[in-house]
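Visitor: My file is protein14.tsv. It has TSV, C-alpha atoms:
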chain	number	residue	atom	x	y	z
O	1	THR	CA	0.00	0.00	0.00
O	2	PHE	CA	1.18	3.51	-0.87
O	3	ASP	CA	-0.11	7.02	-0.40
O	4	VAL	CA	0.89	8.02	-3.94
O	5	ALA	CA	2.06	5.86	-6.85
O	6	VAL	CA	3.80	7.47	-9.82
O	7	VAL	CA	3.46	5.51	-13.08
O	8	GLY	CA	6.53	5.84	-15.31
O	9	ALA	CA	10.22	5.90	-14.41
O	10	GLY	CA	11.34	8.31	-17.06
O	11	ILE	CA	13.09	11.52	-16.04
O	12	VAL	CA	9.82	13.41	-15.35
O	13	GLY	CA	8.30	10.59	-13.28
O	14	LEU	CA	11.47	10.13	-11.23
O	15	ALA	CA	11.95	13.87	-10.68
O	16	SER	CA	8.31	14.17	-9.57
O	17	ALA	CA	8.54	11.19	-7.20
O	18	ARG	CA	11.76	12.63	-5.73
O	19	GLU	CA	10.13	16.04	-5.16
O	20	LEU	CA	7.00	14.50	-3.60
O	21	VAL	CA	8.87	12.31	-1.11
O	22	ARG	CA	11.11	15.24	-0.12
O	23	ARG	CA	8.03	17.35	0.65
O	24	HIS	CA	6.10	14.57	2.39
O	25	PRO	CA	8.67	12.31	4.06
O	26	SER	CA	6.07	10.68	6.32
O	27	LEU	CA	4.04	9.34	3.36
O	28	ALA	CA	4.68	6.16	1.34
O	29	PHE	CA	5.54	6.64	-2.37
O	30	ALA	CA	6.12	4.18	-5.20
O	31	VAL	CA	7.25	4.45	-8.81
O	32	LEU	CA	5.85	1.79	-11.17
O	33	GLU	CA	7.86	1.08	-14.34
O	34	LYS	CA	7.04	-1.50	-17.02
O	35	GLU	CA	10.67	-1.96	-18.13
O	36	GLN	CA	13.40	-3.63	-16.09
O	37	GLU	CA	15.56	-0.50	-16.27
O	38	LEU	CA	14.87	3.16	-15.59
O	39	ALA	CA	14.76	5.99	-18.16
O	40	HIS	CA	14.63	3.38	-20.90
O	41	HIS	CA	12.62	5.24	-23.55
O	42	GLN	CA	12.47	9.00	-24.28
O	43	SER	CA	14.73	9.87	-21.32
O	44	GLY	CA	17.41	7.49	-22.60
O	45	HIS	CA	17.00	8.26	-26.31
O	46	ASN	CA	17.23	12.06	-26.48
O	47	SER	CA	19.86	14.50	-27.68
O	48	GLY	CA	21.23	15.23	-24.19
O	49	VAL	CA	20.99	19.01	-24.65
O	50	ILE	CA	20.38	21.29	-21.66
O	51	HIS	CA	18.20	23.85	-23.44
O	52	SER	CA	18.27	27.51	-22.44
O	53	GLY	CA	14.64	28.43	-23.32
O	54	ILE	CA	14.96	30.52	-26.49
O	55	TYR	CA	12.30	29.01	-28.73
O	56	TYR	CA	9.22	28.90	-26.56
O	57	THR	CA	6.27	31.30	-26.55
O	58	PRO	CA	6.82	33.96	-23.87
O	59	GLY	CA	4.57	33.29	-20.90
O	60	SER	CA	4.07	29.60	-21.79
O	61	LEU	CA	4.83	26.83	-19.32
O	62	LYS	CA	7.52	25.60	-21.71
O	63	ALA	CA	9.35	28.94	-21.56
O	64	LYS	CA	9.05	29.39	-17.81
O	65	LEU	CA	9.88	25.79	-16.86
O	66	CYS	CA	12.82	25.54	-19.28
O	67	VAL	CA	14.60	28.64	-17.96
O	68	GLN	CA	14.00	27.56	-14.34
O	69	GLY	CA	14.80	23.93	-15.15
O	70	ALA	CA	18.13	24.65	-16.86
O	71	ALA	CA	19.34	26.58	-13.80
O	72	LEU	CA	18.17	23.76	-11.48
O	73	CYS	CA	19.76	21.12	-13.73
O	74	TYR	CA	23.20	22.77	-13.63
O	75	GLU	CA	22.90	23.27	-9.87
O	76	TYR	CA	21.87	19.63	-9.34
O	77	CYS	CA	24.71	18.28	-11.50
O	78	ASP	CA	27.20	20.43	-9.53
O	79	GLN	CA	25.84	19.10	-6.23
O	80	LYS	CA	25.94	15.46	-7.35
O	81	GLY	CA	29.17	15.59	-9.33
O	82	ILE	CA	27.39	14.61	-12.56
O	83	PRO	CA	29.56	15.67	-15.51
O	84	TYR	CA	28.18	18.16	-18.04
O	85	ARG	CA	29.59	20.60	-20.59
O	86	GLN	CA	28.34	24.13	-21.09
O	87	CYS	CA	29.45	24.08	-24.72
O	88	GLY	CA	26.94	26.68	-25.96
O	89	LYS	CA	24.75	26.78	-29.05
O	90	LEU	CA	24.70	28.77	-32.26
O	91	ILE	CA	21.40	29.14	-34.14
O	92	VAL	CA	22.73	29.97	-37.60
O	93	ALA	CA	21.05	31.86	-40.46
O	94	VAL	CA	22.44	30.67	-43.79
O	95	GLU	CA	19.89	32.48	-46.02
O	96	HIS	CA	19.02	36.21	-46.00
O	97	ASP	CA	15.32	35.51	-45.43
O	98	GLU	CA	16.18	33.73	-42.15
O	99	ILE	CA	17.72	36.85	-40.59
O	100	PRO	CA	14.40	38.52	-39.57
O	101	ARG	CA	13.29	35.22	-37.98
O	102	LEU	CA	16.62	34.99	-36.15
O	103	LYS	CA	16.24	38.51	-34.79
O	104	ALA	CA	12.68	37.70	-33.67
O	105	LEU	CA	14.07	34.61	-31.90
O	106	TYR	CA	16.62	36.82	-30.13
O	107	GLU	CA	13.81	39.10	-28.90
O	108	ARG	CA	11.83	36.07	-27.75
O	109	GLY	CA	14.84	34.73	-25.85
O	110	LEU	CA	15.25	38.10	-24.10
O	111	GLN	CA	11.55	38.05	-23.13
O	112	ASN	CA	12.08	34.58	-21.69
O	113	ASN	CA	15.03	35.84	-19.59
O	114	VAL	CA	17.56	33.56	-21.28
O	115	ARG	CA	21.03	34.44	-20.07
O	116	GLY	CA	23.92	35.67	-22.23
O	117	LEU	CA	22.19	35.84	-25.62
O	118	LYS	CA	23.75	37.87	-28.41
O	119	LEU	CA	23.60	38.15	-32.19
O	120	ILE	CA	26.94	37.61	-33.93
O	121	GLY	CA	28.26	37.97	-37.50
O	122	PRO	CA	30.25	35.64	-39.81
O	123	LYS	CA	33.67	36.29	-38.24
O	124	GLU	CA	32.43	35.61	-34.70
O	125	ILE	CA	30.66	32.46	-35.96
O	126	GLN	CA	33.96	31.18	-37.31
O	127	ALA	CA	35.80	32.12	-34.12
O	128	LYS	CA	33.41	29.88	-32.18
O	129	GLU	CA	32.89	27.19	-34.84
O	130	PRO	CA	35.80	27.29	-37.30
O	131	PHE	CA	34.08	25.02	-39.87
O	132	CYS	CA	30.65	26.65	-39.70
O	133	ARG	CA	29.48	29.19	-42.30
O	134	GLY	CA	26.60	31.58	-41.75
O	135	LEU	CA	25.39	35.13	-42.32
O	136	MET	CA	24.37	35.71	-38.70
O	137	ALA	CA	23.90	33.58	-35.61
O	138	LEU	CA	22.24	33.73	-32.24
O	139	ASP	CA	24.84	32.76	-29.65
O	140	SER	CA	23.47	31.01	-26.55
O	141	PRO	CA	26.47	30.33	-24.28
O	142	TYR	CA	24.28	28.93	-21.48
O	143	THR	CA	23.19	25.84	-23.53
O	144	GLY	CA	24.92	22.64	-22.43
O	145	ILE	CA	24.97	18.86	-22.71
O	146	VAL	CA	24.59	16.07	-20.15
O	147	ASP	CA	23.74	12.36	-20.01
O	148	TYR	CA	20.09	12.47	-18.94
O	149	LYS	CA	20.01	8.75	-18.19
O	150	GLN	CA	22.65	9.39	-15.52
O	151	VAL	CA	20.62	12.33	-14.18
O	152	ALA	CA	17.45	10.18	-14.02
O	153	GLN	CA	19.36	7.41	-12.23
O	154	SER	CA	20.53	9.96	-9.66
O	155	TYR	CA	16.91	11.12	-9.09
O	156	ALA	CA	15.97	7.46	-8.50
O	157	GLU	CA	18.76	7.09	-5.91
O	158	ASP	CA	17.60	10.25	-4.11
O	159	PHE	CA	14.04	8.88	-4.08
O	160	GLN	CA	15.04	5.50	-2.69
O	161	GLU	CA	17.41	6.97	-0.09
O	162	VAL	CA	14.47	8.66	1.64
O	163	GLY	CA	12.27	5.58	1.59
O	164	GLY	CA	10.68	5.59	-1.89
O	165	THR	CA	9.94	2.24	-3.56
O	166	ILE	CA	10.62	1.54	-7.25
O	167	LEU	CA	8.89	-1.48	-8.81
O	168	THR	CA	10.32	-2.40	-12.23
O	169	GLY	CA	8.69	-4.90	-14.59
O	170	PHE	CA	5.32	-3.51	-13.44
O	171	GLU	CA	3.31	-2.71	-16.58
O	172	VAL	CA	0.08	-1.02	-15.53
O	173	THR	CA	-2.88	-2.50	-17.40
O	174	ASN	CA	-5.79	-1.66	-15.14
O	175	MET	CA	-6.79	0.79	-12.41
O	176	GLU	CA	-10.07	0.84	-10.56
O	177	MET	CA	-11.68	1.56	-7.21
O	178	ALA	CA	-11.14	-1.27	-4.72
O	179	LYS	CA	-14.19	-3.23	-3.62
O	180	GLU	CA	-12.53	-4.03	-0.30
O	181	SER	CA	-9.39	-3.02	1.54
O	182	PRO	CA	-6.14	-4.95	0.87
O	183	SER	CA	-5.84	-8.09	3.00
O	184	GLU	CA	-2.84	-6.85	5.02
O	185	SER	CA	-4.50	-3.49	5.77
O	186	GLU	CA	-6.67	-2.72	8.77
O	187	ASP	CA	-7.46	0.83	7.64
O	188	GLY	CA	-10.76	0.19	5.91
O	189	LEU	CA	-10.59	1.74	2.46
O	190	LYS	CA	-7.73	4.10	3.20
O	191	TYR	CA	-6.10	2.92	-0.07
O	192	PRO	CA	-9.08	2.81	-2.43
O	193	VAL	CA	-7.30	2.69	-5.82
O	194	VAL	CA	-6.15	-0.71	-6.99
O	195	VAL	CA	-3.54	-0.78	-9.77
O	196	ARG	CA	-2.91	-4.05	-11.62
O	197	ASN	CA	-0.09	-5.05	-13.89
O	198	SER	CA	0.07	-7.41	-16.86
O	199	LYS	CA	0.97	-10.33	-14.54
O	200	GLY	CA	-2.11	-9.79	-12.36
O	201	GLU	CA	-0.13	-8.33	-9.44
O	202	GLU	CA	-1.74	-5.47	-7.51
O	203	ILE	CA	-0.77	-2.45	-5.47
O	204	TYR	CA	-3.16	-0.25	-3.54
O	205	CYS	CA	-2.82	3.51	-3.21
O	206	ARG	CA	-4.68	6.68	-2.29
O	207	HIS	CA	-3.64	8.69	-5.34
O	208	LEU	CA	-1.96	8.19	-8.70
O	209	VAL	CA	0.28	10.39	-10.86
O	210	THR	CA	0.96	9.16	-14.40
O	211	CYS	CA	4.07	10.26	-16.30
O	212	ALA	CA	3.83	7.67	-19.05
O	213	GLY	CA	5.24	9.48	-22.09
O	214	LEU	CA	4.40	7.41	-25.17
O	215	TYR	CA	1.52	5.74	-23.32
O	216	SER	CA	0.06	8.77	-21.55
O	217	ASP	CA	-3.15	8.76	-23.61
O	218	ARG	CA	-3.73	5.03	-23.11
O	219	LEU	CA	-3.28	5.23	-19.35
O	220	SER	CA	-5.70	8.13	-19.27
O	221	GLU	CA	-8.27	6.06	-21.16
O	222	ILE	CA	-7.76	3.05	-18.85
O	223	SER	CA	-8.59	5.30	-15.91
O	224	GLY	CA	-11.77	6.57	-17.55
O	225	CYS	CA	-10.32	10.03	-18.28
O	226	SER	CA	-10.25	11.76	-21.67
O	227	PRO	CA	-8.30	10.12	-24.52
O	228	GLU	CA	-7.41	13.59	-25.87
O	229	PRO	CA	-4.80	14.77	-26.67
O	230	ARG	CA	-3.70	11.61	-28.50
O	231	ILE	CA	-0.09	10.47	-28.71
O	232	VAL	CA	1.29	9.89	-32.21
O	233	PRO	CA	4.86	8.50	-32.21
O	234	PHE	CA	7.45	10.16	-34.45
O	235	ARG	CA	10.83	8.51	-34.84
O	236	GLY	CA	13.93	10.64	-35.16
O	237	ASP	CA	16.97	8.98	-36.76
O	238	TYR	CA	20.39	10.47	-36.11
O	239	LEU	CA	23.55	10.28	-38.15
O	240	MET	CA	26.95	10.48	-36.46
O	241	LEU	CA	30.19	12.07	-37.56
O	242	LYS	CA	32.96	9.49	-37.78
O	243	PRO	CA	35.20	9.86	-34.69
O	244	GLU	CA	38.13	11.18	-36.71
O	245	LYS	CA	35.91	14.03	-37.98
O	246	SER	CA	34.46	15.11	-34.62
O	247	TYR	CA	36.92	18.04	-34.46
O	248	MET	CA	34.67	19.85	-36.96
O	249	VAL	CA	32.03	20.62	-34.29
O	250	LYS	CA	32.67	22.25	-30.91
O	251	GLY	CA	29.19	23.12	-29.62
O	252	ASN	CA	25.56	22.79	-30.70
O	253	ILE	CA	24.80	24.17	-34.18
O	254	TYR	CA	21.09	24.61	-34.96
O	255	PRO	CA	19.13	25.93	-37.94
O	256	VAL	CA	16.72	28.87	-37.70
O	257	PRO	CA	13.33	27.15	-37.20
O	258	ASN	CA	10.79	27.61	-39.97
O	259	PRO	CA	7.34	28.30	-38.47
O	260	ARG	CA	5.65	26.66	-41.48
O	261	PHE	CA	7.02	23.24	-40.47
O	262	PRO	CA	6.18	21.32	-37.30
O	263	PHE	CA	9.71	20.11	-36.42
O	264	LEU	CA	13.01	21.84	-35.86
O	265	GLY	CA	15.25	20.48	-38.62
O	266	PHE	CA	18.75	19.04	-38.71
O	267	HIS	CA	21.30	20.12	-36.11
O	268	PHE	CA	24.78	19.21	-34.87
O	269	THR	CA	24.85	17.93	-31.28
O	270	PRO	CA	28.03	17.10	-29.35
O	271	ARG	CA	27.64	14.31	-26.78
O	272	MET	CA	29.26	13.68	-23.42
O	273	ASP	CA	31.12	10.65	-24.84
O	274	GLY	CA	32.78	12.88	-27.47
O	275	SER	CA	30.63	11.72	-30.39
O	276	ILE	CA	28.73	14.17	-32.61
O	277	TRP	CA	25.10	13.42	-33.47
O	278	LEU	CA	23.59	14.90	-36.63
O	279	GLY	CA	19.84	15.24	-37.10
O	280	PRO	CA	17.27	14.05	-36.30
O	281	ASN	CA	14.69	13.69	-39.03
O	282	ALA	CA	11.04	13.16	-38.09
O	283	VAL	CA	9.03	10.28	-39.58
O	284	LEU	CA	5.95	8.47	-38.32
O	285	ALA	CA	6.95	5.44	-36.22
O	286	PHE	CA	4.93	2.26	-36.83
O	287	LYS	CA	5.36	1.24	-33.20
O	288	ARG	CA	5.29	3.44	-30.11
O	289	GLU	CA	8.66	2.15	-29.02
O	290	GLY	CA	9.91	1.28	-32.50
O	291	TYR	CA	13.50	2.49	-32.65
O	292	LYS	CA	14.30	0.62	-35.86
O	293	TRP	CA	12.87	1.09	-39.36
O	294	PHE	CA	10.98	-2.19	-39.62
O	295	GLN	CA	9.61	-2.50	-36.08
O	296	PHE	CA	5.84	-2.68	-36.45
O	297	SER	CA	2.87	-2.93	-34.11
O	298	ALA	CA	-0.52	-3.36	-35.80
O	299	GLY	CA	-2.27	-1.84	-32.76
O	300	ASP	CA	-0.02	1.21	-32.61
O	301	PHE	CA	-0.16	1.74	-36.36
O	302	LEU	CA	-3.96	1.48	-36.54
O	303	ASP	CA	-4.27	3.74	-33.51
O	304	ALA	CA	-2.33	6.47	-35.36
O	305	ALA	CA	-3.74	5.80	-38.84
O	306	MET	CA	-7.36	5.95	-37.70
O	307	TYR	CA	-6.93	9.23	-35.86
O	308	SER	CA	-8.34	12.17	-37.85
O	309	GLY	CA	-5.88	14.57	-36.19
O	310	LEU	CA	-2.93	12.77	-37.81
O	311	TRP	CA	-4.47	13.00	-41.30
O	312	LYS	CA	-5.09	16.72	-40.86
O	313	LEU	CA	-1.44	17.21	-39.83
O	314	VAL	CA	-0.18	15.09	-42.76
O	315	LEU	CA	-2.29	16.90	-45.37
O	316	ARG	CA	-1.19	20.31	-44.09
O	317	ASN	CA	2.49	19.31	-44.21
O	318	LEU	CA	2.52	16.85	-47.11
O	319	SER	CA	5.60	18.15	-48.96
O	320	TYR	CA	7.54	18.48	-45.70
O	321	GLY	CA	6.58	14.93	-44.67
O	322	LEU	CA	7.58	13.45	-48.03
O	323	SER	CA	10.92	15.25	-47.96
O	324	GLU	CA	11.55	13.88	-44.43
O	325	ILE	CA	10.87	10.33	-45.67
O	326	TYR	CA	13.16	10.93	-48.68
O	327	ARG	CA	15.95	12.19	-46.41
O	328	ALA	CA	15.46	9.23	-44.07
O	329	CYS	CA	16.09	6.87	-47.01
O	330	PHE	CA	19.02	8.66	-48.63
O	331	LEU	CA	22.11	9.70	-46.68
O	332	SER	CA	23.14	12.11	-49.42
O	333	ALA	CA	19.94	14.16	-48.87
O	334	GLN	CA	20.71	14.48	-45.15
O	335	VAL	CA	24.34	15.41	-45.82
O	336	LYS	CA	23.11	18.15	-48.19
O	337	GLU	CA	21.21	19.71	-45.25
O	338	LEU	CA	24.32	19.54	-43.07
O	339	GLN	CA	26.51	21.14	-45.76
O	340	LYS	CA	24.46	24.34	-45.52
O	341	PHE	CA	26.24	24.89	-42.18
O	342	ILE	CA	29.49	22.95	-42.53
O	343	PRO	CA	30.34	22.70	-46.25
O	344	GLU	CA	33.32	20.37	-45.58
O	345	VAL	CA	31.07	17.50	-44.36
O	346	THR	CA	30.89	14.74	-46.98
O	347	ILE	CA	28.91	11.52	-47.18
O	348	SER	CA	32.05	9.55	-46.29
O	349	ASP	CA	32.29	11.46	-42.98
O	350	VAL	CA	28.99	10.17	-41.57
O	351	ILE	CA	27.50	6.88	-40.40
O	352	ARG	CA	23.97	5.99	-39.32
O	353	GLY	CA	23.48	6.51	-35.60
O	354	PRO	CA	20.84	5.84	-32.94
O	355	SER	CA	17.13	6.72	-33.04
O	356	GLY	CA	14.58	8.03	-30.60
O	357	VAL	CA	10.78	8.06	-30.60
O	358	ARG	CA	9.03	11.26	-29.60
O	359	ALA	CA	5.63	11.12	-27.88
O	360	GLN	CA	3.96	13.82	-29.94
O	361	ALA	CA	0.61	14.92	-28.57
O	362	LEU	CA	-1.90	15.83	-31.29
O	363	ASP	CA	-5.35	17.32	-30.95
O	364	SER	CA	-8.29	16.32	-33.18
O	365	ASP	CA	-7.68	19.35	-35.44
O	366	GLY	CA	-4.22	18.08	-36.32
O	367	ASN	CA	-2.34	20.65	-34.21
O	368	LEU	CA	0.82	19.65	-32.36
O	369	VAL	CA	0.12	20.23	-28.69
O	370	ASP	CA	3.08	22.42	-27.92
O	371	ASP	CA	2.82	23.01	-24.19
O	372	PHE	CA	2.65	20.84	-21.11
O	373	VAL	CA	-0.79	19.34	-20.38
O	374	PHE	CA	-1.84	18.14	-16.94
O	375	ASP	CA	-5.31	16.80	-16.24
O	376	GLY	CA	-7.40	14.45	-14.15
O	377	GLY	CA	-10.92	13.20	-14.42
O	378	SER	CA	-14.17	13.11	-12.59
O	379	GLY	CA	-15.83	10.41	-10.56
O	380	ASP	CA	-14.31	8.27	-7.85
O	381	ILE	CA	-11.14	7.21	-9.64
O	382	GLY	CA	-10.65	10.19	-11.99
O	383	SER	CA	-10.57	12.57	-9.04
O	384	ARG	CA	-7.71	10.58	-7.50
O	385	ILE	CA	-5.44	10.76	-10.55
O	386	LEU	CA	-3.22	13.46	-12.03
O	387	HIS	CA	-2.19	12.68	-15.61
O	388	VAL	CA	0.87	14.37	-17.08
O	389	ARG	CA	-0.53	14.18	-20.61
O	390	ASN	CA	2.13	16.01	-22.57
O	391	ALA	CA	5.70	16.70	-21.48
O	392	PRO	CA	7.46	17.52	-24.78
O	393	SER	CA	11.06	18.61	-25.26
O	394	PRO	CA	12.53	20.36	-23.25
O	395	ALA	CA	11.04	18.11	-20.52
O	396	ALA	CA	14.43	16.61	-19.60
O	397	THR	CA	15.99	20.07	-19.16
O	398	SER	CA	12.89	21.19	-17.23
O	399	SER	CA	12.47	18.02	-15.15
O	400	LEU	CA	13.20	19.54	-11.71
O	401	ALA	CA	11.01	22.58	-12.44
O	402	ILE	CA	8.21	20.34	-13.78
O	403	ALA	CA	8.52	18.19	-10.65
O	404	LYS	CA	7.92	21.22	-8.41
O	405	MET	CA	4.85	22.12	-10.43
O	406	ILE	CA	3.50	18.55	-10.31
O	407	ALA	CA	4.10	18.38	-6.55
O	408	ASP	CA	2.23	21.68	-6.12
O	409	GLU	CA	-0.65	20.33	-8.22
O	410	VAL	CA	-0.74	17.02	-6.29
O	411	GLN	CA	-0.87	18.97	-3.02
O	412	ARG	CA	-3.66	21.19	-4.32
O	413	ARG	CA	-5.80	18.40	-5.80
O	414	PHE	CA	-5.26	15.69	-3.23
O	415	GLU	CA	-4.66	17.78	-0.08
O	416	LEU	CA	-1.76	15.61	1.03
Can the structure in the file be given as structure tokens, please?
Guide:
Amino acid sequence: TFDVAVVGAGIVGLASARELVRRHPSLAFAVLEKEQELAHHQSGHNSGVIHSGIYYTPGSLKAKLCVQGAALCYEYCDQKGIPYRQCGKLIVAVEHDEIPRLKALYERGLQNNVRGLKLIGPKEIQAKEPFCRGLMALDSPYTGIVDYKQVAQSYAEDFQEVGGTILTGFEVTNMEMAKESPSESEDGLKYPVVVRNSKGEEIYCRHLVTCAGLYSDRLSEISGCSPEPRIVPFRGDYLMLKPEKSYMVKGNIYPVPNPRFPFLGFHFTPRMDGSIWLGPNAVLAFKREGYKWFQFSAGDFLDAAMYSGLWKLVLRNLSYGLSEIYRACFLSAQVKELQKFIPEVTISDVIRGPSGVRAQALDSDGNLVDDFVFDGGSGDIGSRILHVRNAPSPAATSSLAIAKMIADEVQRRFEL
């Protein structure tokens, strides 16, 4: 029996569980994770960038939580001795028509209180990134990189050190109100929510928080809450620079985002192990956790294909989607994108790298749900659950700030 169970041991679930147990040390908390290891999906398959908060709409949760979260992330890593590199980021305009958008991005970053931003010209670009060419760039020195799997593991250790319980291999398949109290309990129905896993095992709790990423919509439906927004999985495939060519990139190099397209575009990302990731693209995944091209789940595919919101998104962005699929198939097309920034990169300098799957929340009108979404439901069980429905990038950067917000919301809803 537990006072609160958190479903999902990704970085947001673990950060939230850690924050909750620190605030309420006398209560019993559990984290339920379907995999045998922690941070196995989005948290372990991301770019590793500590974002500074430039892109996001001023006043949005994304903007506020990213700026707070980046500061908390650096502070936490310093406290715990977790290695990171504050290698900075250049957002580079390579065409004249990108310059007004770059300047608007600079203004947005200032509104979001991002530290140290400045616009720089071609000579300063080359001083920072000798192989990079551009007309103008937005320099964000506060952007960094870290291994988020290591950060998530550290959150888990903090949680367990103060008495939290982590149950791995516990895939939640059902949640309902208990008909009677658990056999070992003498408290009547103090723990009225029963949560079952795929093996038929049960835990009892007073309240539930779900941080289920790629399965957030399905868990919401299981609990009788709204299925909207729906999760549609998009796979991002990275290329890597061959190790002997990694000297060509020092920090993060990003394109100026085009507001007509839903995703960010190709970028250069240094990693803590010294490798350089290039990409990612964005193509529909045929399985929610399908990290390879031919991994297929009929249920996941039908779920996406029968959703009207996906078709509306596809039809609005048809040429973009087709060009993403083309680039995914042909290395030369991806290298052409990279050469806009570093002309010296050739097809012989790159190899195929890892992939990640992004839990993209979509509404029924085909709009990408851009901000964080938290909701619960009504009725006996719905009123005892807080669903974290959408925690898009930069959720890893923002994890400690998100955790504070979730803990506040849990306190407000459940009166812990």
Visitor: Which residues are close to Arg101 (chain O), i.e. within 9 Å by all atoms listed in the file, leaving aside same-chain residues fewer than 5 positions away? Reply as an MDAnalysis selection string.
Guide: chainID O and resid 93 106 256:258
Visitor: Residues of region 186-257 of chain O that approach region 9-24 of chain O to 10 Å or less, counting all atoms listed in the file: could you list each one with the shortest pair of atoms and its distance in Å to one decimal, rows by chain and increasing residue number, as CSV?
Guide:
residue,atom,partner,partner_atom,distance
O:Val209,CA,O:Gly13,CA,8.4
O:Thr210,CA,O:Gly13,CA,7.6
O:Cys211,CA,O:Gly13,CA,5.2
O:Ala212,CA,O:Gly10,CA,7.8
O:Gly213,CA,O:Gly10,CA,8.0
Visitor: What does the distance between CA of Asn112 (chain O) and CA of Leu90 (chain O) come to in Å, to one decimal place?
Guide: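 Those two atoms sit 17.5 Å apart.
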Visitor: Just checking: using only C-alpha atoms, which residue out of O:His51, O:Arg316, O:Lys250, O:Lys340 ends up closest to Leu72 (chain O)?
Guide: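 For Leu72 (chain O), the nearest of the candidates is O:His51.
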Visitor: What's around region 26-34 of chain O at 8 Å? Count all atoms listed in the file, leave out sequence neighbours fewer than 5 positions away in its own chain, and write the answer as a list in words.
Guide: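 Within the cut-off, the hits are Thr1, Phe2, Asp3, Val4, Ala5, Val6, Val7, Gly8, Ala9, Gly13, Leu14, Ala17, Val21, Gly163, Gly164, Thr165, Ile166, Leu167, Thr168, Gly169, Phe170, Glu171 and Val172 of chain O.
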Visitor: Can you tell me which residues surround Glu124 (chain O) at a distance of at most 12 Å, considering all atoms listed in the file, apart from same-chain residues fewer than 2 positions away, and format the answer as number ranges by chain?
Guide: O: 90, 92, 118-122, 126-139
Visitor: So that I have them on file, write out the residues from the current selection with C-alpha atoms, as a PDB file, in the frame of the given file.
Guide:
ATOM      1  CA  LEU O  90      24.700  28.770 -32.260  1.00  0.00           C
ATOM      2  CA  VAL O  92      22.730  29.970 -37.600  1.00  0.00           C
ATOM      3  CA  LYS O 118      23.750  37.870 -28.410  1.00  0.00           C
ATOM      4  CA  LEU O 119      23.600  38.150 -32.190  1.00  0.00           C
ATOM      5  CA  ILE O 120      26.940  37.610 -33.930  1.00  0.00           C
ATOM      6  CA  GLY O 121      28.260  37.970 -37.500  1.00  0.00           C
ATOM      7  CA  PRO O 122      30.250  35.640 -39.810  1.00  0.00           C
ATOM      8  CA  GLN O 126      33.960  31.180 -37.310  1.00  0.00           C
ATOM      9  CA  ALA O 127      35.800  32.120 -34.120  1.00  0.00           C
ATOM     10  CA  LYS O 128      33.410  29.880 -32.180  1.00  0.00           C
ATOM     11  CA  GLU O 129      32.890  27.190 -34.840  1.00  0.00           C
ATOM     12  CA  PRO O 130      35.800  27.290 -37.300  1.00  0.00           C
ATOM     13  CA  PHE O 131      34.080  25.020 -39.870  1.00  0.00           C
ATOM     14  CA  CYS O 132      30.650  26.650 -39.700  1.00  0.00           C
ATOM     15  CA  ARG O 133      29.480  29.190 -42.300  1.00  0.00           C
ATOM     16  CA  GLY O 134      26.600  31.580 -41.750  1.00  0.00           C
ATOM     17  CA  LEU O 135      25.390  35.130 -42.320  1.00  0.00           C
ATOM     18  CA  MET O 136      24.370  35.710 -38.700  1.00  0.00           C
ATOM     19  CA  ALA O 137      23.900  33.580 -35.610  1.00  0.00           C
ATOM     20  CA  LEU O 138      22.240  33.730 -32.240  1.00  0.00           C
ATOM     21  CA  ASP O 139      24.840  32.760 -29.650  1.00  0.00           C
TER      22      ASP O 139
END
Visitor: Within 12 Å of Gln68 (chain O), counting all atoms listed in the file, which residues show up once you throw out same-chain ones fewer than 2 positions away? Write them as a PyMOL selection string, please.
Guide: chain O and resi 50-53+61-66+70-75+112-115+394-395+397-405
Visitor: Show which residues sit within 8 Å of Arg108 (chain O), as a list in words. Count all atoms listed in the file, and ignore same-chain residues fewer than 6 positions away.
Guide: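 Counting only the stated atoms, we get Ile54, Tyr55, Tyr56, Thr57 and Pro58 of chain O.
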Visitor: Quote the spacing between CA of Glu289 (chain O) and CA of Gln334 (chain O) in Å to one decimal place.
Guide: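 The value is 23.6 Å.
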Visitor: One decimal, in Å: what's the spacing between CA of Val195 (chain O) and CA of Ser226 (chain O)?
Guide: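 Distance between the two atoms: 18.5 Å.
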